[in-house]
Structures are given as structure tokens and as C-alpha cells.
Amino acid sequence: MTNLIDTVAEVDEARAADVVIGKGRIIFRRFMRNKTAVTGLAIFLGLFAFSLFGGFLTTWDKETIDPLNIGMGPSPEHLLGTSQAGIDLLALVVEGTRVSIFIGLIVGGLSVLISAVYGCSMAFFGGKVDSVMLFILEALIMMPAILVVAVATSGGGQSLKELPSWLLLIAVLLFFSWMGTARLVRSLAMSLMQRDYVKAAKYMGVPSMRIVRRHLVPNIGSLLVLDFTRGITGAILAEVAFSYIGIGIKLPDVSLGVLIGGATWQVSSFPWMFWVPLTVMFLLTGSLAMMNDGLRDAFDPTSTSIGRAKTKKKSK
Amino acid sequence: MQVLRYLGKRALTYLVMIFLTTSAGYFLAVSSLKPALLEQEKIPRPSPEQVANSFRLLGLDPNLNPWERYIQWLGGILTRWDWGRSPNGAYVNAEFADRVMISTRLFIASIILTLIIGVALGVYSAARQYKFQDRAITSYSYLVHILPAPIAYFLVQLGAIGINDAVGERLFFVTGISTPGIEPGWPAFVDLVAHYAVPTFAMTVFGWAGYQIAQRQYLLDNVNADFVRTARAKGLTRNQAITRHALRVSFIPVAQSIAFTIPAIFTGGFFAEAIFAWPGVGLWSIDAIGKQDVNVATAMLAYGSVIFAIGAILADFATTLVDPRVRVQ
């Protein structure tokens, strides 16, 4: 009797050894295996925390002028120094980082969503719908985004004036950021629709929504995740570039681009005003770039990346 | 012959697109840019009637609704090829030619250099995959990706100023096109080079990254293809197989991507012109938008679209030349 129980227990143990690992855990493990990507994630989370709670590092805020320390270098009282107007730089950088991350996350996230929906519907419907949607897409690619940004943010029109400049910039960046990915998604989805496993699922009578969820999304997923981080980087860089030459975000709103641009022409007399926000921007975009490769590997279902197999030592 | 007909058809499609984007741009500009508001800041302040009157004479009547102004503007272009006037009375057509010349002079050298250097480095790094040279070249390209163009140009400018200071005399000019009143001949040429060097260097060094990464990736995709393996089995060395068989095929997607980088060069050009103070197309349009100039902004939008269309058609043409598998029907 006892013997029998033992065999059952042994079989169970053997089964437990090569149990199917959940998808989320596979992705997480593959990501954690890539040291560069983990470092990138750590830096990014650190900056995110800094942008939320960095305000507690200083007693000054971004509006108070310190008349005793105007344009002074880093000192114990002002950890990163003060601006030409006597405002604490640390408070400004915290605010600027938050605005930049915010713009990046919103533009990156929403543009991926738009491009996935737009690209997939082009591939699904095909025919007339496809060619009309492709026409609209190419017409949008054609427009020089920078001019539209400039017109929208510097227009004297009353309706647009009332919106804060960062909201306007988000809207315009979003409008011009999704086309490239949408084209990619369209061509990928089109080729996936022709694959044998999708055809087989169709003939087996699997409902369309489940085919999309089971077969299309996981295959396009790695592209979309990659495009999410790339979209964040793109939006942060675009904000910095546009604000730098004076279109984009405008004072009194603060962002990394506004800080860098404002410090450019006095870089020899106020070097900290230029190098501190620039370093933060580098850390931000650099950490995202470091995560890219690890994310692609983690989400790719055909990934050949293999790790060390975790073998349990037999107790017997 | 068939190629020409195909290209003609593409050109027609793009023409419709240009018309649509420009019209949309006009409506956006006309409803958000209000030059009359700037006139209010003049001293002595003109009365609203005076402002409206002077703008009506320029064809910028603020009392008309956007649709009426659009018809008026479009009529001017279709009947007289007249792109309208600025609020200060200047003709868009007259100024456009000058500005395009300046921009073209600024960009042409760096566009060509960027393409050649990028593709060459891409091939070089793919042929030495994962060796030291490949790692150095490719990580440089990724570094450039996370650096916004205007800041990169500014850093180059700082570097050039540093060199000037170190040498003790002005070797490079970091802004402007030429020194006024320089005598022709050799001194004018030296002056030209001194003005060109910094912007061209900056745009080239920060421009080739995209081509390099794309060319490396596509070439590596092709190195393991069957036809390259066959070529190696015939006895060709790895480098021979790459140059004779893989290179041509891997250039096709790069040729196509040129079309989509042309607008990017155009926008990069805005930053270059702003930083290096070359009064070209980009600087003109940013200035014009600051002055609430509807007609210049729209003309620039149209110009950008035309440049893009030319790039796209050239890319199609290049693909038919390079790719033996493409047959136009």
C-alpha cells in the first residue's frame, strides 16, 4: 500500500519538474536574464521616482526666487545651483523630468495603440478600405510635422491659446507619431493571416476574436512593446528638440527641453544650468535604449535566447 | 517605357496627396494664425479698420471666413502661380527661390556624404560582425539615436569654438554663410570652406547612424540566404560573396528608406539652420510662423510635401533599377 502511494508521489514530482511555465513568468525571466536591460529599467525607475518625490530633496519650489543666490553654482543650500533668475535648479529639474516622462509615456502608449488598431484593421478588411486608409496614412507621413507643431503651438487663435502648451504638444506629437508603426503592423498582420496555423484555426471554426488574441497579438506583441519604448524615447527627444528651438513647450511650463534650451547661450557662465538637465535627458533616453533589446527578446515567441535550466537537486 | 508610365501614375497620386495636405495645412494655419493681433502692438497703434484695410490689399482680409480666403488663395495659385504675400507686403514667390537655394547649398553635401558613409560603414560592420570594429561603429550609431539633433549640433559648435580658442585664430565660422565684403578668388573659397565645414561635419556625423544600422541589419539578413551559400560553395571567399551577391539585394530596403529619411533631413534642417544661423527655408518658416504669416507657412508645407514625393518616387525608381525581381506592371 505504501509502495503505491510512493509511486504516485514520484510521478507527481516528475510532472512538477517540467510543468508548463506561465507566459508572464517566461517573459519576466527572459527580461531579467539581460543584465543591460535590467540596469536600464533600474535607471528609468530611479528617474521616475526622482521626478515624483525629488521635490522632497529641496525646500525650494520652482516658483520661489531666492534673491540672495542668483545664478550661483551648486552649494549646500541649493544642491544643483540656481538659475539666472534665482530659482532652485533641483526643483526645476524635478518638474522638467516629470513633464518629459509624462509626455513620453502618453505619446508612446497611445501611439502604439492607435497604430496597432489602425494597422490591424487595414490588414483585416483589405481591399477598398485598405487602400483608402493607406492613402490617408501616406498623406500624413508627407506633412512636415515640425511646421504643424509650430503653427499649433504659436497660433494666436483663441481656442488653442487656452490649452496649456504641453497638452497641445502631446496632441500634435501623437498625431504624427503612429504612421510608421501602423505600416509595419499592417504588413506583419497581412503575412500572419496567410500562415498555416491561422488558416487551420479558421477552418476549425475558432472565432475571429480568439484567433486575434491567440495568434496575432503574441506575434505582433514584441514589435508593439519595442515600439512603446521607442515611442517614449522619440517623444522625449522630439519635445527636447522642439522646445530647444522655441516651438513646443513654452514658459511658464517647464520641461527638460525648455531648461536645456534656456541655458544654451550662457553655457560658459552657467554651465550647471546646461549640463544637469542634459545629463538627466541622457539617462532617461539611454535607459530606455538599454531596455529595448531585452524587451524584444523577452516578448518574441520565436526567441532563441536560452538560459540556464534550473535543475532541482534530487533529495534522495 | 512601362517604368515611366508607372512613375507617372505614382506622381499623379502624390499630386493629389500634396493638394490635400496643403489644403488641410492652409485651413489649420488660417484658423490659428492671426497676424492682426501683432499689428496691435505697433506704435502708434493702428485702428482695427486700418489693419483690416491694409491686410485686404495684401489678400489677407481677416474679415473673410476661412473658406472664402481659401478660394481666393487657391485661385491666385491656379491662375497666376501666385502664392500670396506676407503681412509685411513681401511676395512669397520672390523670397522662396532665394531661401531654397541657401538650404540646398547647406544640405546637398551632407546628404550625399551621409548616404555614402552610412552605407559603407554598414557593409564594413556587417562583414566584421561582433568584432571590435563592428561593436564600436554600431554602438556609436545607437548613441546618436538618443541625442536630439539641435543639441548634437550645439555640441559640435562648442567643439569648433574650442578648437578656435586653442589655435588662437578663427579657423571655423560657427554661424552664417559668408563674410560680407570678402574679395573673390582664393580668399572667398577659403571663407566658403570655413563656413561650410562645421554645419556639414555636424549634419554628416550625426546623420549616418540610421543608414549604418539599416544596411548592417539587411546585409546580415542576407548573408545566410541560400544564394549566398551557393556562391560560397562555388568557391568564392566570404567577402567576394558579400560584394557580388548579398550587397545588391540588401541595398533595396535601404534605397526605399531614403524616401522616408528625406523629410527627416528636412526637419533636421530646421534645427541646423536655426543653430548655425543659415537663413534658409527652415529658419524662414519658423520666423514666418512667429510673425503669424499664413501664406509662407502653407507654402513651406507644400514644399515639404513635394520634397517627400520626389524622394518617394526616386526610391521607387532606384528599387526598379537595383532589384532584379521587381517587374513593373
# chains A, B, ... in the order shown; residues from 1 in each chain; ligands from 1

$ interface_residues --of "chain B" --to "chain A" --cutoff "9 Å" --atoms "only C-alpha atoms" --output "ChimeraX atom specification"
/B:14,17-18,20-22,25,28-29,31-35,37,142-143,145-151,154,260,263-264,266-267,270-271,274-275,285-286,289-290,292,297,300-302,304-309

$ atom_distance --atom1 "atom CA of Arg10 of chain B" --atom2 "atom CA of Ile313 of chain B"
7.2 Å

$ atom_distance --atom1 "atom CA of Phe44 of chain A" --atom2 "atom CA of Leu169 of chain A"
22.7 Å

$ atom_distance --atom1 "atom CA of Leu52 of chain A" --atom2 "atom CA of Pro67 of chain A"
26.8 Å

$ residues_around --residues "Gly55 of chain A" --least-positions-apart "5" --cutoff "9 Å" --atoms "only C-alpha atoms" --output "JSON list (two decimals) with C-alpha atoms, in the first residue's frame"
[["chain", "number", "residue", "atom", "x", "y", "z"],
["A", 50, "PHE", "CA", 13.08, 61.16, -8.67],
["A", 60, "TRP", "CA", 12.64, 75.37, -2.56],
["A", 61, "ASP", "CA", 9.97, 75.15, -5.25],
["A", 90, "LEU", "CA", 16.84, 70.92, -8.50],
["A", 91, "ALA", "CA", 13.17, 71.91, -8.23],
["A", 94, "VAL", "CA", 12.34, 67.52, -10.94],
["A", 95, "GLU", "CA", 9.43, 69.30, -12.60]]

$ closest_residue --among "A:Ala37, A:Met72, A:Gly127, A:Gly54" --to "Ser269 of chain A" --atoms "only C-alpha atoms"
A:Met72

$ residues_around --residues "segment 104-113 of chain A" --least-positions-apart "2" --cutoff "9 Å" --atoms "only C-alpha atoms" --output "ChimeraX atom specification"
/A:99-102,115-118,170-171,173-179,181-182,224-225,227-237,239

$ write_last_selection --atoms "N, CA, C and O atoms" --output "CSV table (one decimal), in the first residue's frame"
chain,number,residue,atom,x,y,z
A,99,VAL,N,7.5,66.3,-16.5
A,99,VAL,CA,6.8,66.6,-17.7
A,99,VAL,C,7.3,65.8,-18.9
A,99,VAL,O,6.5,65.3,-19.6
A,100,SER,N,8.6,65.6,-18.9
A,100,SER,CA,9.2,64.8,-20.1
A,100,SER,C,8.7,63.4,-20.0
A,100,SER,O,8.3,62.8,-21.0
A,101,ILE,N,8.8,62.8,-18.8
A,101,ILE,CA,8.4,61.4,-18.7
A,101,ILE,C,6.9,61.2,-19.1
A,101,ILE,O,6.4,60.3,-19.8
A,102,PHE,N,6.1,62.2,-18.6
A,102,PHE,CA,4.7,62.2,-18.8
A,102,PHE,C,4.3,62.3,-20.3
A,102,PHE,O,3.6,61.4,-20.8
A,115,SER,N,-1.6,52.8,-33.7
A,115,SER,CA,-1.0,52.1,-34.8
A,115,SER,C,-1.4,50.7,-34.9
A,115,SER,O,-1.6,50.1,-36.0
A,116,ALA,N,-1.6,50.0,-33.7
A,116,ALA,CA,-2.0,48.6,-33.7
A,116,ALA,C,-3.4,48.4,-34.3
A,116,ALA,O,-3.6,47.6,-35.2
A,117,VAL,N,-4.3,49.3,-33.8
A,117,VAL,CA,-5.7,49.2,-34.2
A,117,VAL,C,-5.8,49.5,-35.7
A,117,VAL,O,-6.4,48.8,-36.5
A,118,TYR,N,-5.1,50.6,-36.1
A,118,TYR,CA,-5.2,51.1,-37.5
A,118,TYR,C,-4.6,50.0,-38.4
A,118,TYR,O,-5.2,49.7,-39.4
A,170,ILE,N,1.5,67.4,-26.8
A,170,ILE,CA,1.2,65.9,-26.8
A,170,ILE,C,0.2,65.6,-27.9
A,170,ILE,O,0.4,64.6,-28.7
A,171,ALA,N,-0.8,66.4,-28.1
A,171,ALA,CA,-1.8,66.2,-29.2
A,171,ALA,C,-1.1,66.1,-30.5
A,171,ALA,O,-1.3,65.2,-31.3
A,173,LEU,N,2.2,65.7,-31.3
A,173,LEU,CA,3.2,64.6,-31.4
A,173,LEU,C,2.4,63.3,-31.6
A,173,LEU,O,2.9,62.5,-32.4
A,174,LEU,N,1.3,63.1,-30.9
A,174,LEU,CA,0.5,61.9,-31.1
A,174,LEU,C,0.0,61.8,-32.5
A,174,LEU,O,0.1,60.7,-33.1
A,175,PHE,N,-0.4,62.9,-33.0
A,175,PHE,CA,-1.0,62.9,-34.3
A,175,PHE,C,0.0,62.5,-35.4
A,175,PHE,O,-0.3,61.9,-36.4
A,176,PHE,N,1.3,62.8,-35.2
A,176,PHE,CA,2.3,62.5,-36.2
A,176,PHE,C,3.2,61.3,-35.8
A,176,PHE,O,4.2,61.1,-36.5
A,177,SER,N,2.9,60.5,-34.8
A,177,SER,CA,3.9,59.5,-34.4
A,177,SER,C,3.5,58.1,-34.8
A,177,SER,O,4.4,57.2,-34.6
A,178,TRP,N,2.3,57.8,-35.2
A,178,TRP,CA,1.9,56.4,-35.3
A,178,TRP,C,2.0,55.8,-36.7
A,178,TRP,O,1.8,54.6,-36.8
A,179,MET,N,2.3,56.6,-37.7
A,179,MET,CA,2.1,56.1,-39.1
A,179,MET,C,3.1,55.0,-39.4
A,179,MET,O,2.8,54.0,-40.0
A,181,THR,N,4.7,52.8,-37.5
A,181,THR,CA,4.4,51.5,-36.9
A,181,THR,C,3.1,50.9,-37.5
A,181,THR,O,3.0,49.7,-37.7
A,182,ALA,N,2.2,51.8,-37.9
A,182,ALA,CA,0.9,51.3,-38.5
A,182,ALA,C,1.2,50.5,-39.8
A,182,ALA,O,0.7,49.5,-40.0
A,224,LEU,N,5.2,45.6,-30.8
A,224,LEU,CA,4.5,46.7,-30.2
A,224,LEU,C,5.2,47.2,-28.9
A,224,LEU,O,5.3,48.4,-28.6
A,225,VAL,N,5.7,46.2,-28.1
A,225,VAL,CA,6.4,46.5,-26.9
A,225,VAL,C,7.6,47.3,-27.2
A,225,VAL,O,7.9,48.4,-26.6
A,227,ASP,N,8.1,49.1,-29.8
A,227,ASP,CA,7.7,50.4,-30.3
A,227,ASP,C,7.2,51.3,-29.2
A,227,ASP,O,7.3,52.5,-29.3
A,228,PHE,N,6.7,50.7,-28.1
A,228,PHE,CA,6.3,51.5,-26.9
A,228,PHE,C,7.5,52.2,-26.3
A,228,PHE,O,7.5,53.5,-26.2
A,229,THR,N,8.6,51.5,-26.1
A,229,THR,CA,9.8,52.2,-25.5
A,229,THR,C,10.4,53.1,-26.5
A,229,THR,O,10.8,54.2,-26.2
A,230,ARG,N,10.4,52.7,-27.8
A,230,ARG,CA,10.9,53.6,-28.8
A,230,ARG,C,10.1,54.8,-29.0
A,230,ARG,O,10.6,55.9,-29.2
A,231,GLY,N,8.8,54.7,-28.8
A,231,GLY,CA,7.9,55.8,-28.9
A,231,GLY,C,8.1,56.8,-27.7
A,231,GLY,O,8.1,58.0,-28.0
A,232,ILE,N,8.4,56.3,-26.5
A,232,ILE,CA,8.7,57.1,-25.4
A,232,ILE,C,9.9,57.9,-25.7
A,232,ILE,O,10.0,59.1,-25.6
A,233,THR,N,11.0,57.2,-26.2
A,233,THR,CA,12.2,57.9,-26.5
A,233,THR,C,12.0,59.0,-27.5
A,233,THR,O,12.5,60.1,-27.4
A,234,GLY,N,11.3,58.6,-28.6
A,234,GLY,CA,11.0,59.5,-29.7
A,234,GLY,C,10.3,60.8,-29.2
A,234,GLY,O,10.7,61.9,-29.5
A,235,ALA,N,9.3,60.6,-28.3
A,235,ALA,CA,8.5,61.7,-27.9
A,235,ALA,C,9.4,62.6,-27.0
A,235,ALA,O,9.3,63.8,-27.1
A,236,ILE,N,10.2,62.0,-26.1
A,236,ILE,CA,11.0,62.8,-25.2
A,236,ILE,C,12.0,63.6,-26.0
A,236,ILE,O,12.2,64.8,-25.8
A,237,LEU,N,12.6,62.9,-27.1
A,237,LEU,CA,13.6,63.6,-27.9
A,237,LEU,C,12.9,64.8,-28.7
A,237,LEU,O,13.5,65.9,-28.8
A,239,GLU,N,10.2,66.4,-27.9
A,239,GLU,CA,9.9,67.5,-27.0
A,239,GLU,C,11.1,68.4,-26.8
A,239,GLU,O,11.1,69.6,-26.9
